[in-house]
Every structure is written in C-alpha cells, then in structure tokens.
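Novice: Got a structure for you, questions after.
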Amino acid sequence: MTVVAAVLLALSLFCAVLAFRPRRSVAARLAMVAAGEGTSVPDAFHRVFLPGAQALSGIVRLVVPSNVARRLARLVEEAGRPMRPGTFMALTLVSGGGLAAWMGLGALRGGLETQAVATLAVASGGLGVIGPVMWLRGRATRRRLAVERALPDFLDLVVVSGEAGLGFEGAVARIAERAEGLAVRPVQPGEA
C-alpha cells in the first residue's frame, strides 16, 4: 500500500510540474531553433525540475517568511546567481519535502513505529532543506575567495589603464571585457 502511495505522490508531483511549466509559442520555439539555441537537448533538471520550481516560486514566497527570503536572496546574489532566489527556495522546499516523504515511506515499509517514522521523516526533511543551503553557502564562499584573489590584479590593471589615459569607467569596462569567471549575470526586470 505504501508503494502505491509513493508512486501516486511522485506521479502527482510530476503532473503538477508539467501543469505549471511555462509554455512558449510555436513562433518563439522556431525562432530559437533558427538562432541555434534550441538544437541541444537540455537535461532533466533543466526540462522538468527547474521549470517546476520556477512555477512554485510564487507559492513559496507566500510560505517562506520575508526575512528568510531576503537572506536567501542575498546568499544567491553572493553565489553569483546560479538561479533565481524564488526558484532556489522552491527547489529547497521540494527537496526537503521529497526526502522526508521518501524516508518516511521507507520507514513505514520497514515496519518502524509511528513515532520513529515521524522523527525520521522530520530529520531527513530538515537535511533536505539544509543541504541545498549549505551548497549555496559553499558556492558563495568560493566566489568570494576568487574575488579576493583577483582583486590585487584588477586594481593593478585599473592603475595601468588609468596611466595609459583611460578614465576609471573605461578602465573597468575594458578589464571586465577580458576578465573571466567573476562576471555577475545582470538582474532582469521582474526576476525573483
């Protein structure tokens, strides 16, 4: 019976992801293919989970307290914006809920007592939430260290460019054109 419940839970989550997936018009998809953007096949994360998380991000904003959302948005910013903050929060909550359901159903199937099942589900759900946050913190730390290592060279190039006759903005723009790895994707209007 628990196997049937787990399969139904997984199937309902999959259907919810597909139902809330953003759709592109045929003309937009043809333009992407003509531009060469639609020729590669994205992996399952980019086809299923990321669109589903983006669809759930609006709902997540209602559930997550605003101070937690602000801290996570700042952490996403410090990590170089690997994804939108709302998408990250949705993926974090889905991973926590999914791990809790998986471990809880496994414990039920294993014949554990109800209190032990609840404890295991809550603990594994907490780990499912903490895991992505720890990954993001590690990414932010690595990015901060990379910026700190690159800062002396950057300042040296700004001074040399300034002595060569470029203004500050021109020197920074020229260095940014040639720099690798430290660029931050610009924030698009309406991104969360």
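Residue names in the structure tokens use chain letters A, B, ... in the order shown, residue numbers from 1 in each chain, and ligand numbers from 1 in the order shown.
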List every residue of range 137-170 of chain A that has an atom at most 12 Å from any atom of range 72-82 of chain A, and for each one report the closest atom pair and its distance in Å to one decimal, counting only C-alpha atoms, with rows sorted by chain and then by increasing residue number, as a tab-separated table.

Specialist:
residue	atom	partner	partner_atom	distance
A:Arg137	CA	A:Leu75	CA	6.9
A:Gly138	CA	A:Ala79	CA	8.3
A:Arg139	CA	A:Ala79	CA	5.4
A:Ala140	CA	A:Ala79	CA	3.8
A:Thr141	CA	A:Ala79	CA	7.5
A:Arg142	CA	A:Ala79	CA	8.2
A:Arg143	CA	A:Ala79	CA	6.3
A:Arg144	CA	A:Glu78	CA	7.5
A:Leu145	CA	A:Ala79	CA	11.1
A:Ala146	CA	A:Ala79	CA	11.2
A:Val147	CA	A:Glu78	CA	10.9

Novice: When you look at Gly97 in chain A with a cut-off of 10 Å (counting only C-alpha atoms), what residues show up, excluding the ones that are within fewer than 5 positions of it in the same chain? I need them as number ranges by chain.

Specialist: A: 91-92, 102-103, 121-122, 124-126, 128-129

Novice: How would the residues just chosen look if you wrote them out with all heavy atoms as a PDB file, in the first residue's frame?

Specialist:
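Produced file result.pdb, reproduced below:
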ATOM      1  N   LEU A  91      13.093  24.859  -4.926  1.00  0.00           N
ATOM      2  CA  LEU A  91      13.858  23.616  -5.007  1.00  0.00           C
ATOM      3  C   LEU A  91      14.264  23.115  -3.623  1.00  0.00           C
ATOM      4  O   LEU A  91      14.257  21.909  -3.359  1.00  0.00           O
ATOM      5  CB  LEU A  91      15.107  23.813  -5.862  1.00  0.00           C
ATOM      6  CG  LEU A  91      14.888  23.861  -7.365  1.00  0.00           C
ATOM      7  CD1 LEU A  91      16.188  24.204  -8.076  1.00  0.00           C
ATOM      8  CD2 LEU A  91      14.338  22.556  -7.879  1.00  0.00           C
ATOM      9  N   THR A  92      14.601  24.038  -2.740  1.00  0.00           N
ATOM     10  CA  THR A  92      14.986  23.661  -1.385  1.00  0.00           C
ATOM     11  C   THR A  92      13.819  23.027  -0.639  1.00  0.00           C
ATOM     12  O   THR A  92      13.969  21.973  -0.016  1.00  0.00           O
ATOM     13  CB  THR A  92      15.497  24.895  -0.622  1.00  0.00           C
ATOM     14  OG1 THR A  92      16.604  25.435  -1.326  1.00  0.00           O
ATOM     15  CG2 THR A  92      15.918  24.549   0.782  1.00  0.00           C
ATOM     16  N   TRP A 102      10.151  10.338   1.162  1.00  0.00           N
ATOM     17  CA  TRP A 102      10.854   9.116   0.768  1.00  0.00           C
ATOM     18  C   TRP A 102      11.306   8.329   1.996  1.00  0.00           C
ATOM     19  O   TRP A 102      11.106   7.114   2.095  1.00  0.00           O
ATOM     20  CB  TRP A 102      12.037   9.482  -0.125  1.00  0.00           C
ATOM     21  CG  TRP A 102      12.795   8.312  -0.646  1.00  0.00           C
ATOM     22  CD1 TRP A 102      12.314   7.264  -1.354  1.00  0.00           C
ATOM     23  CD2 TRP A 102      14.195   8.092  -0.501  1.00  0.00           C
ATOM     24  NE1 TRP A 102      13.322   6.397  -1.662  1.00  0.00           N
ATOM     25  CE2 TRP A 102      14.494   6.884  -1.155  1.00  0.00           C
ATOM     26  CE3 TRP A 102      15.229   8.795   0.104  1.00  0.00           C
ATOM     27  CZ2 TRP A 102      15.776   6.367  -1.197  1.00  0.00           C
ATOM     28  CZ3 TRP A 102      16.500   8.281   0.051  1.00  0.00           C
ATOM     29  CH2 TRP A 102      16.761   7.072  -0.603  1.00  0.00           C
ATOM     30  N   MET A 103      11.922   9.013   2.945  1.00  0.00           N
ATOM     31  CA  MET A 103      12.407   8.334   4.147  1.00  0.00           C
ATOM     32  C   MET A 103      11.237   7.875   5.025  1.00  0.00           C
ATOM     33  O   MET A 103      11.283   6.788   5.611  1.00  0.00           O
ATOM     34  CB  MET A 103      13.338   9.244   4.946  1.00  0.00           C
ATOM     35  CG  MET A 103      14.647   9.540   4.246  1.00  0.00           C
ATOM     36  SD  MET A 103      15.632   8.085   3.933  1.00  0.00           S
ATOM     37  CE  MET A 103      16.220   7.757   5.575  1.00  0.00           C
ATOM     38  N   ALA A 121      11.270  11.145   9.380  1.00  0.00           N
ATOM     39  CA  ALA A 121      10.794  11.995   8.287  1.00  0.00           C
ATOM     40  C   ALA A 121      11.149  13.460   8.534  1.00  0.00           C
ATOM     41  O   ALA A 121      11.606  14.167   7.625  1.00  0.00           O
ATOM     42  CB  ALA A 121       9.293  11.829   8.109  1.00  0.00           C
ATOM     43  N   VAL A 122      10.965  13.932   9.763  1.00  0.00           N
ATOM     44  CA  VAL A 122      11.277  15.331  10.084  1.00  0.00           C
ATOM     45  C   VAL A 122      12.778  15.581   9.976  1.00  0.00           C
ATOM     46  O   VAL A 122      13.221  16.592   9.409  1.00  0.00           O
ATOM     47  CB  VAL A 122      10.739  15.702  11.484  1.00  0.00           C
ATOM     48  CG1 VAL A 122      11.294  17.034  11.959  1.00  0.00           C
ATOM     49  CG2 VAL A 122       9.225  15.744  11.461  1.00  0.00           C
ATOM     50  N   SER A 124      15.046  13.882   8.201  1.00  0.00           N
ATOM     51  CA  SER A 124      15.505  13.827   6.809  1.00  0.00           C
ATOM     52  C   SER A 124      14.974  15.010   6.006  1.00  0.00           C
ATOM     53  O   SER A 124      15.654  15.504   5.110  1.00  0.00           O
ATOM     54  CB  SER A 124      15.109  12.503   6.161  1.00  0.00           C
ATOM     55  OG  SER A 124      13.701  12.347   6.187  1.00  0.00           O
ATOM     56  N   GLY A 125      13.787  15.502   6.320  1.00  0.00           N
ATOM     57  CA  GLY A 125      13.280  16.709   5.668  1.00  0.00           C
ATOM     58  C   GLY A 125      14.142  17.920   5.991  1.00  0.00           C
ATOM     59  O   GLY A 125      14.416  18.753   5.125  1.00  0.00           O
ATOM     60  N   GLY A 126      14.577  18.000   7.248  1.00  0.00           N
ATOM     61  CA  GLY A 126      15.487  19.081   7.636  1.00  0.00           C
ATOM     62  C   GLY A 126      16.801  18.999   6.883  1.00  0.00           C
ATOM     63  O   GLY A 126      17.346  20.016   6.422  1.00  0.00           O
ATOM     64  N   GLY A 128      17.152  17.669   3.960  1.00  0.00           N
ATOM     65  CA  GLY A 128      16.843  18.018   2.570  1.00  0.00           C
ATOM     66  C   GLY A 128      16.760  19.525   2.350  1.00  0.00           C
ATOM     67  O   GLY A 128      17.013  20.004   1.254  1.00  0.00           O
ATOM     68  N   VAL A 129      16.416  20.263   3.391  1.00  0.00           N
ATOM     69  CA  VAL A 129      16.373  21.727   3.288  1.00  0.00           C
ATOM     70  C   VAL A 129      17.760  22.317   3.518  1.00  0.00           C
ATOM     71  O   VAL A 129      18.181  23.247   2.827  1.00  0.00           O
ATOM     72  CB  VAL A 129      15.351  22.302   4.298  1.00  0.00           C
ATOM     73  CG1 VAL A 129      15.468  23.802   4.414  1.00  0.00           C
ATOM     74  CG2 VAL A 129      13.943  21.919   3.893  1.00  0.00           C
TER      75      VAL A 129
END

Novice: If you count only C-alpha atoms, which residues fall within 10 Å of range 151-165 of chain A, apart from same-chain ones fewer than 5 positions away, as a list of chain:residue names?

Specialist: A:Leu145, A:Ala146, A:Gly170, A:Ala171, A:Val172, A:Ala173, A:Arg174, A:Ile175, A:Ala176, A:Ala179

Novice: Take CA of Thr119 in chain A and CA of Gly131 in chain A and report the distance between them in Å, one decimal.

Specialist: 18.1 Å
